[in-house]
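Engineer: Contents are mmCIF, C-alpha atoms; file name coords09.cif:
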data_final
#
loop_
_atom_site.label_atom_id
_atom_site.label_comp_id
_atom_site.auth_asym_id
_atom_site.auth_seq_id
_atom_site.Cartn_x
_atom_site.Cartn_y
_atom_site.Cartn_z
CA MET P 1 -103.86 -104.79 -36.13
CA THR P 2 -102.18 -102.40 -33.79
CA ALA P 3 -102.45 -102.62 -30.05
CA PRO P 4 -104.87 -100.15 -28.45
CA ILE P 5 -103.32 -97.06 -26.86
CA PRO P 6 -103.88 -97.17 -23.11
CA ARG P 7 -105.78 -94.24 -21.70
CA ASP P 8 -103.68 -93.85 -18.57
CA ILE P 9 -99.93 -93.60 -19.22
CA PRO P 10 -97.86 -93.58 -16.04
CA ASP P 11 -95.51 -90.65 -15.54
CA LEU P 12 -92.00 -91.40 -16.56
CA PRO P 13 -89.34 -90.85 -13.90
CA ALA P 14 -87.11 -87.83 -14.28
CA VAL P 15 -83.79 -88.48 -15.91
CA PRO P 16 -81.09 -87.85 -13.32
CA GLY P 17 -78.32 -85.39 -14.06
CA MET P 18 -80.23 -83.21 -16.53
CA PRO P 19 -78.90 -79.61 -16.38
CA VAL P 20 -81.27 -76.84 -15.43
CA PHE P 21 -81.00 -73.84 -17.70
CA LEU P 22 -81.50 -70.53 -15.95
CA PRO P 23 -82.90 -67.49 -17.77
CA SER P 24 -80.20 -65.12 -18.94
CA LEU P 25 -80.39 -61.39 -19.55
CA VAL P 26 -79.86 -60.45 -23.17
CA PRO P 27 -78.18 -57.07 -23.70
CA ALA P 28 -80.05 -54.54 -25.78
CA THR P 29 -77.19 -54.37 -28.27
CA ALA P 30 -77.80 -58.02 -29.14
CA VAL P 31 -81.44 -57.33 -30.00
CA VAL P 32 -81.41 -53.82 -31.45
CA ALA P 33 -79.02 -53.26 -34.32
CA PRO P 34 -76.61 -50.33 -33.80
CA VAL P 35 -77.43 -47.21 -35.79
CA ARG P 36 -74.88 -44.94 -37.43
CA HIS P 37 -75.27 -41.18 -37.13
CA PRO P 38 -73.19 -39.67 -39.95
CA VAL P 39 -74.73 -36.21 -39.60
CA ALA P 40 -73.75 -36.02 -35.94
CA ALA P 41 -70.27 -37.33 -36.73
CA VAL P 42 -69.61 -34.73 -39.43
CA TYR P 43 -71.01 -31.93 -37.29
CA ARG P 44 -68.81 -32.83 -34.33
CA VAL P 45 -65.71 -33.03 -36.49
CA LEU P 46 -66.40 -29.55 -37.86
CA VAL P 47 -66.90 -28.10 -34.37
CA ALA P 48 -63.74 -29.83 -33.13
CA MET P 49 -61.77 -28.39 -36.05
CA ALA P 50 -63.05 -24.90 -35.28
CA ALA P 51 -62.12 -25.33 -31.62
CA ALA P 52 -58.63 -26.61 -32.42
CA GLY P 53 -58.13 -23.80 -34.92
CA ALA P 54 -59.15 -21.10 -32.44
CA VAL P 55 -56.79 -22.47 -29.77
CA THR P 56 -53.95 -22.73 -32.28
CA VAL P 57 -54.36 -19.12 -33.42
CA GLU P 58 -54.38 -17.92 -29.82
CA LEU P 59 -51.19 -19.86 -29.11
CA LEU P 60 -49.52 -18.23 -32.12
CA LEU P 61 -50.66 -14.71 -31.28
CA SER P 62 -49.86 -14.66 -27.55
CA SER P 63 -47.56 -16.25 -25.01
CA PRO P 64 -48.33 -19.99 -25.04
CA ILE P 65 -47.99 -20.34 -21.27
CA ARG P 66 -50.31 -17.39 -20.61
CA THR P 67 -52.78 -18.60 -23.25
CA LEU P 68 -52.91 -22.12 -21.83
CA SER P 69 -53.60 -20.67 -18.38
CA HIS P 70 -57.05 -19.38 -19.40
CA PHE P 71 -60.08 -21.40 -18.37
CA SER P 72 -61.66 -20.82 -21.78
CA ILE P 73 -58.64 -22.31 -23.56
CA GLN P 74 -58.47 -25.31 -21.26
CA SER P 75 -62.19 -26.05 -21.55
CA THR P 76 -62.00 -25.80 -25.35
CA ILE P 77 -58.98 -28.12 -25.43
CA LEU P 78 -60.95 -30.63 -23.34
CA LEU P 79 -63.97 -30.35 -25.62
CA THR P 80 -61.97 -31.06 -28.79
CA PRO P 81 -61.01 -34.73 -28.18
CA VAL P 82 -64.43 -35.39 -26.65
CA LEU P 83 -66.06 -34.23 -29.88
CA LEU P 84 -63.66 -36.22 -32.04
CA LEU P 85 -64.17 -39.43 -30.07
CA SER P 86 -67.94 -38.89 -30.07
CA ALA P 87 -67.83 -38.34 -33.84
CA ARG P 88 -65.92 -41.58 -34.38
CA ARG P 89 -68.39 -43.56 -32.30
CA ALA P 90 -71.36 -41.98 -34.06
CA TRP P 91 -69.84 -42.80 -37.46
CA THR P 92 -69.05 -46.43 -36.56
CA ALA P 93 -72.31 -47.05 -34.64
CA ARG P 94 -70.50 -47.74 -31.41
CA ARG P 95 -71.69 -47.03 -27.88
CA PRO P 96 -71.40 -43.30 -27.06
CA LEU P 97 -68.87 -41.89 -24.64
CA PRO P 98 -69.74 -41.96 -20.92
CA SER P 99 -72.13 -39.19 -20.00
CA SER P 100 -69.82 -38.14 -17.16
CA VAL P 101 -67.23 -37.11 -19.78
CA THR P 102 -69.54 -35.47 -22.31
CA GLY P 103 -71.52 -33.72 -19.57
CA ALA P 104 -68.36 -32.30 -18.02
CA ALA P 105 -67.13 -30.95 -21.37
CA LEU P 106 -70.54 -29.39 -22.02
CA LEU P 107 -70.65 -27.79 -18.57
CA TYR P 108 -67.18 -26.25 -18.84
CA VAL P 109 -67.73 -24.58 -22.22
CA THR P 110 -71.11 -23.34 -21.00
CA ILE P 111 -69.40 -21.83 -17.96
CA THR P 112 -66.89 -20.21 -20.32
CA ALA P 113 -69.65 -18.54 -22.32
CA LEU P 114 -71.71 -17.40 -19.33
CA VAL P 115 -68.77 -15.98 -17.37
CA TYR P 116 -67.49 -14.14 -20.42
CA HIS P 117 -70.81 -12.57 -21.39
CA LEU P 118 -72.22 -11.93 -17.91
CA LEU P 119 -69.10 -10.90 -15.98
CA LEU P 120 -66.22 -10.04 -18.29
CA VAL P 121 -67.70 -8.06 -21.18
CA ASN P 122 -70.87 -6.87 -19.48
CA THR P 123 -70.40 -3.18 -18.68
CA ALA P 124 -72.77 -3.46 -15.73
CA SER P 125 -70.58 -6.12 -14.09
CA PRO P 126 -68.12 -5.06 -11.37
CA PHE P 127 -65.58 -7.46 -12.94
CA ALA P 128 -65.82 -6.17 -16.51
CA LEU P 129 -62.61 -6.23 -18.53
CA THR P 130 -61.09 -3.00 -19.82
CA GLY P 131 -58.86 -2.02 -22.71
CA ALA P 132 -57.89 -4.49 -25.42
CA ALA P 133 -59.14 -7.44 -23.39
CA ALA P 134 -62.69 -6.05 -23.50
CA ASN P 135 -62.53 -4.98 -27.15
CA PRO P 136 -60.20 -7.35 -29.05
CA THR P 137 -59.31 -6.60 -32.64
CA GLY P 138 -58.06 -8.57 -35.60
CA TRP P 139 -57.59 -12.27 -35.13
CA HIS P 140 -58.10 -11.88 -31.37
CA ALA P 141 -61.65 -10.75 -32.07
CA VAL P 142 -62.25 -13.82 -34.24
CA THR P 143 -60.89 -16.25 -31.66
CA ALA P 144 -62.77 -14.49 -28.85
CA LEU P 145 -66.01 -14.93 -30.77
CA LEU P 146 -65.25 -18.60 -31.46
CA LEU P 147 -64.09 -19.51 -27.97
CA HIS P 148 -66.76 -17.69 -25.98
CA THR P 149 -69.82 -17.77 -28.23
CA VAL P 150 -69.74 -19.97 -31.33
CA ILE P 151 -68.15 -23.13 -29.92
CA PRO P 152 -70.21 -23.21 -26.67
CA ALA P 153 -73.38 -22.63 -28.70
CA ALA P 154 -72.38 -25.42 -31.10
CA ALA P 155 -71.73 -27.79 -28.17
CA LEU P 156 -75.16 -26.99 -26.72
CA ALA P 157 -76.77 -27.57 -30.12
CA ASP P 158 -75.05 -30.95 -30.40
CA TRP P 159 -76.37 -31.90 -26.98
CA LEU P 160 -79.93 -30.72 -27.67
CA LEU P 161 -80.33 -31.91 -31.27
CA LEU P 162 -77.94 -34.81 -31.82
CA THR P 163 -77.72 -36.57 -28.45
CA PRO P 164 -80.36 -38.84 -26.87
CA PRO P 165 -81.79 -37.51 -23.60
CA GLY P 166 -81.69 -38.96 -20.12
CA ARG P 167 -77.96 -39.77 -20.02
CA LEU P 168 -76.82 -37.19 -17.45
CA HIS P 169 -77.24 -37.97 -13.76
CA LEU P 170 -77.49 -35.81 -10.67
CA ARG P 171 -74.70 -37.69 -8.91
CA GLN P 172 -72.29 -36.45 -11.60
CA ALA P 173 -72.87 -32.76 -10.87
CA ALA P 174 -70.64 -32.58 -7.80
CA THR P 175 -67.84 -34.47 -9.56
CA TRP P 176 -67.87 -31.98 -12.42
CA LEU P 177 -66.96 -29.18 -10.00
CA LEU P 178 -63.58 -30.73 -9.22
CA TYR P 179 -62.02 -29.11 -12.27
CA PRO P 180 -63.21 -25.54 -11.47
CA LEU P 181 -61.91 -26.08 -7.93
CA ALA P 182 -58.57 -27.25 -9.30
CA TYR P 183 -58.46 -24.20 -11.57
CA LEU P 184 -59.00 -21.93 -8.57
CA LEU P 185 -56.00 -23.52 -6.82
CA PHE P 186 -54.03 -23.22 -10.06
CA SER P 187 -54.86 -19.51 -10.27
CA PHE P 188 -53.66 -18.90 -6.70
CA THR P 189 -50.46 -20.88 -7.27
CA ARG P 190 -49.75 -19.09 -10.54
CA GLY P 191 -50.27 -15.71 -8.89
CA GLU P 192 -47.85 -16.56 -6.09
CA LEU P 193 -45.17 -17.64 -8.56
CA ILE P 194 -45.40 -14.41 -10.58
CA PRO P 195 -43.77 -11.35 -8.98
CA PRO P 196 -46.21 -8.76 -7.57
CA GLY P 197 -46.94 -5.88 -9.91
CA THR P 198 -46.53 -7.98 -13.05
CA GLY P 199 -49.30 -7.44 -15.59
CA GLY P 200 -51.64 -10.36 -15.99
CA ARG P 201 -50.67 -11.89 -12.70
CA TYR P 202 -54.31 -12.93 -12.28
CA LEU P 203 -56.17 -13.59 -15.50
CA TYR P 204 -59.69 -12.85 -14.27
CA PRO P 205 -60.75 -9.76 -12.25
CA PHE P 206 -62.90 -11.77 -9.82
CA LEU P 207 -59.80 -13.86 -8.94
CA ASP P 208 -57.42 -10.91 -8.63
CA VAL P 209 -55.99 -11.16 -5.12
CA ASP P 210 -53.99 -7.95 -5.58
CA LEU P 211 -57.19 -5.93 -6.04
CA HIS P 212 -59.63 -7.72 -3.74
CA GLY P 213 -57.59 -9.81 -1.29
CA TYR P 214 -57.96 -13.48 -0.55
CA LYS P 215 -61.10 -13.06 1.56
CA SER P 216 -63.08 -11.37 -1.21
CA VAL P 217 -61.71 -13.66 -3.89
CA LEU P 218 -62.69 -16.75 -1.90
CA GLY P 219 -66.15 -15.26 -1.46
CA ASN P 220 -66.38 -14.71 -5.21
CA ALA P 221 -65.20 -18.26 -5.81
CA LEU P 222 -67.83 -19.65 -3.44
CA LEU P 223 -70.64 -17.78 -5.19
CA LEU P 224 -69.37 -18.90 -8.57
CA GLY P 225 -69.05 -22.48 -7.38
CA LEU P 226 -72.66 -22.51 -6.18
CA SER P 227 -73.73 -21.02 -9.50
CA PHE P 228 -71.81 -23.68 -11.40
CA TYR P 229 -73.42 -26.42 -9.33
CA ALA P 230 -76.87 -24.95 -10.01
CA LEU P 231 -76.01 -24.86 -13.71
CA ALA P 232 -74.95 -28.50 -13.62
CA ILE P 233 -78.23 -29.48 -11.94
CA LEU P 234 -80.13 -27.47 -14.56
CA LEU P 235 -78.37 -29.33 -17.37
CA VAL P 236 -79.26 -32.67 -15.77
CA ALA P 237 -82.90 -31.63 -15.32
CA LEU P 238 -83.15 -30.41 -18.92
CA ASP P 239 -81.54 -33.61 -20.15
CA HIS P 240 -84.32 -35.66 -18.57
CA ALA P 241 -87.13 -33.30 -19.61
CA ARG P 242 -86.27 -32.71 -23.26
CA PRO P 243 -87.62 -34.95 -26.05
CA ASN P 244 -85.52 -37.43 -27.96
CA PRO P 245 -84.39 -35.74 -31.19
CA ILE P 246 -82.91 -38.88 -32.80
CA ARG P 247 -85.57 -41.50 -32.08
CA HIS P 248 -85.67 -44.22 -34.75
CA ARG P 249 -88.65 -46.40 -35.57
CA THR P 250 -87.88 -50.07 -35.14
CA LYS P 251 -88.55 -52.26 -38.19
CA THR P 252 -90.17 -55.53 -37.12
CA GLY P 253 -90.44 -57.14 -40.57
CA PHE P 254 -94.24 -57.46 -40.50
CA ARG P 255 -97.21 -55.14 -40.27
CA LEU P 256 -100.27 -55.63 -38.10
CA GLN P 257 -103.55 -55.52 -39.96
CA PRO P 258 -106.86 -54.36 -38.48
CA PRO P 259 -109.28 -57.16 -37.60
CA VAL P 260 -111.79 -58.14 -40.26
CA GLY P 261 -115.46 -57.86 -39.44
#
Written as structure tokens, that's how I'd like the structure from this file.

Structural biologist:
Amino acid sequence: MTAPIPRDIPDLPAVPGMPVFLPSLVPATAVVAPVRHPVAAVYRVLVAMAAAGAVTVELLLSSPIRTLSHFSIQSTILLTPVLLLSARRAWTARRPLPSSVTGAALLYVTITALVYHLLLVNTASPFALTGAAANPTGWHAVTALLLHTVIPAAALADWLLLTPPGRLHLRQAATWLLYPLAYLLFSFTRGELIPPGTGGRYLYPFLDVDLHGYKSVLGNALLLGLSFYALAILLVALDHARPNPIRHRTKTGFRLQPPVG
């Protein structure tokens, strides 16, 4: 016979020296498997190739130094490696580039498109271009279309259709304006280094100190800077308001059934 089990078992003393395990935060990447986005990767590579091709043609057709001095060329050059790196990460299911980088590249090419269409080729604008600059022909017409319309539109489409929302932040908007400010200083420095009366001393009419003077040009720059900041805030607001175009349903491995009865 076995001995009866006592009803009241005294509590055992705690074993000294036992480690206490604290709860740890598990990163989302350890729970959710990374997802490849081959369509986004291929699309970004194609846009980057078009951007690099347009810049290359412009460099071959015109003076390289003058070509590289344009804001549109510089913004397109910045966009190209951003697209290529984003394509690589989308193809290999790695974490996307920081939103501060992708948002800046998107803002600059958007500025390129808006300034070109609203100020430079708009006949109602007081800063409209004239002559061959307003009506390019041949390969210049092709590159102008790519740099100022097709590539910015493609970058916006990538952001709206192939990028998850809610990644841009309002605190980034002011930082993004550092490059336009640096370009303004670059334009003034370039104009001072080129002898007065030289054609193309200032590349944009609203920055032409010879025609408007520093006071008017600084006023134009201030208005443009405020407009760029408003555009940056608009992009951030739209990024948080738009739906997620690449949401994936998580597979749990089992399916819930409705209750019986």

Engineer: Using the chain letters and numbers from this file, what does the PyMOL selection byres ((chain P and resi 65-78) around 6) select? Give the answer as number ranges by chain.

Structural biologist: P: 63-64, 79-80, 108-109, 112

Engineer: Would you pick out the contacts of region 160-169 of chain P at 9 Å or less, using all atoms listed in the file, so that residues sharing its chain but fewer than 5 positions from it are not included, and give the list as a VMD selection string?

Structural biologist: chain P and resid 37 39 to 40 98 to 100 102 to 103 155 233 235 to 247

Engineer: Could you spell out the hits of the PyMOL selection byres ((chain P and resi 180) around 10) on the shown file, as a list of chain:residue names?

Structural biologist: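 Selected by the PyMOL selection byres ((chain P and resi 180) around 10) in this file: P:Phe71, P:Tyr108, P:Ile111, P:Trp176, P:Leu177, P:Leu178, P:Tyr179, P:Leu181, P:Ala182, P:Tyr183, P:Leu184, P:Leu185, P:Phe186, P:Ala221, P:Leu224, P:Gly225, P:Phe228.
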
Engineer: With all atoms listed in the file as the counted atoms, please give the residues lying no more than 12 Å from Leu46 (chain P), apart from itself and same-chain residues fewer than 4 positions off, as a ChimeraX atom specification.

Structural biologist: /P:39-42,50-53,80,83-84,87,151,154-155,158

Engineer: Please return the centre and edge lengths, in Å to one decimal, of a box with edges along x, y and z that contains all listed atoms of region 80-87 of chain P, widened by 4 Å on every side, as JSON.

Structural biologist:
{"center_x": -64.5, "center_y": -35.2, "center_z": -30.2, "size_x": 14.9, "size_y": 16.4, "size_z": 15.2}

Engineer: Record the distance separating CA of Ala153 (chain P) and CA of Leu60 (chain P), expressed in Å with one decimal.

Structural biologist: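 The value is 24.5 Å.
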
Engineer: Let me know the residues the PyMOL selection byres ((chain P and resi 198-208) around 9) catches in the file above, as a ChimeraX atom specification.

Structural biologist: /P:66,69-70,119-120,126-129,184,187-188,190-197,209-214,216-218,220-221

Engineer: P:Tyr229, P:Tyr116, P:Trp91, P:Trp139: which is nearest Pro38 (chain P), counting only C-alpha atoms?

Structural biologist: P:Trp91

Engineer: Between CA of Val142 (chain P) and CA of Leu114 (chain P), what is the distance, to one decimal in Å?

Structural biologist: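 Distance reported for this atom pair: 18.0 Å.
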
Engineer: Between CA of Ala173 (chain P) and CA of Asn122 (chain P), what is the distance, to one decimal in Å?

Structural biologist: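 It comes out at 27.4 Å.
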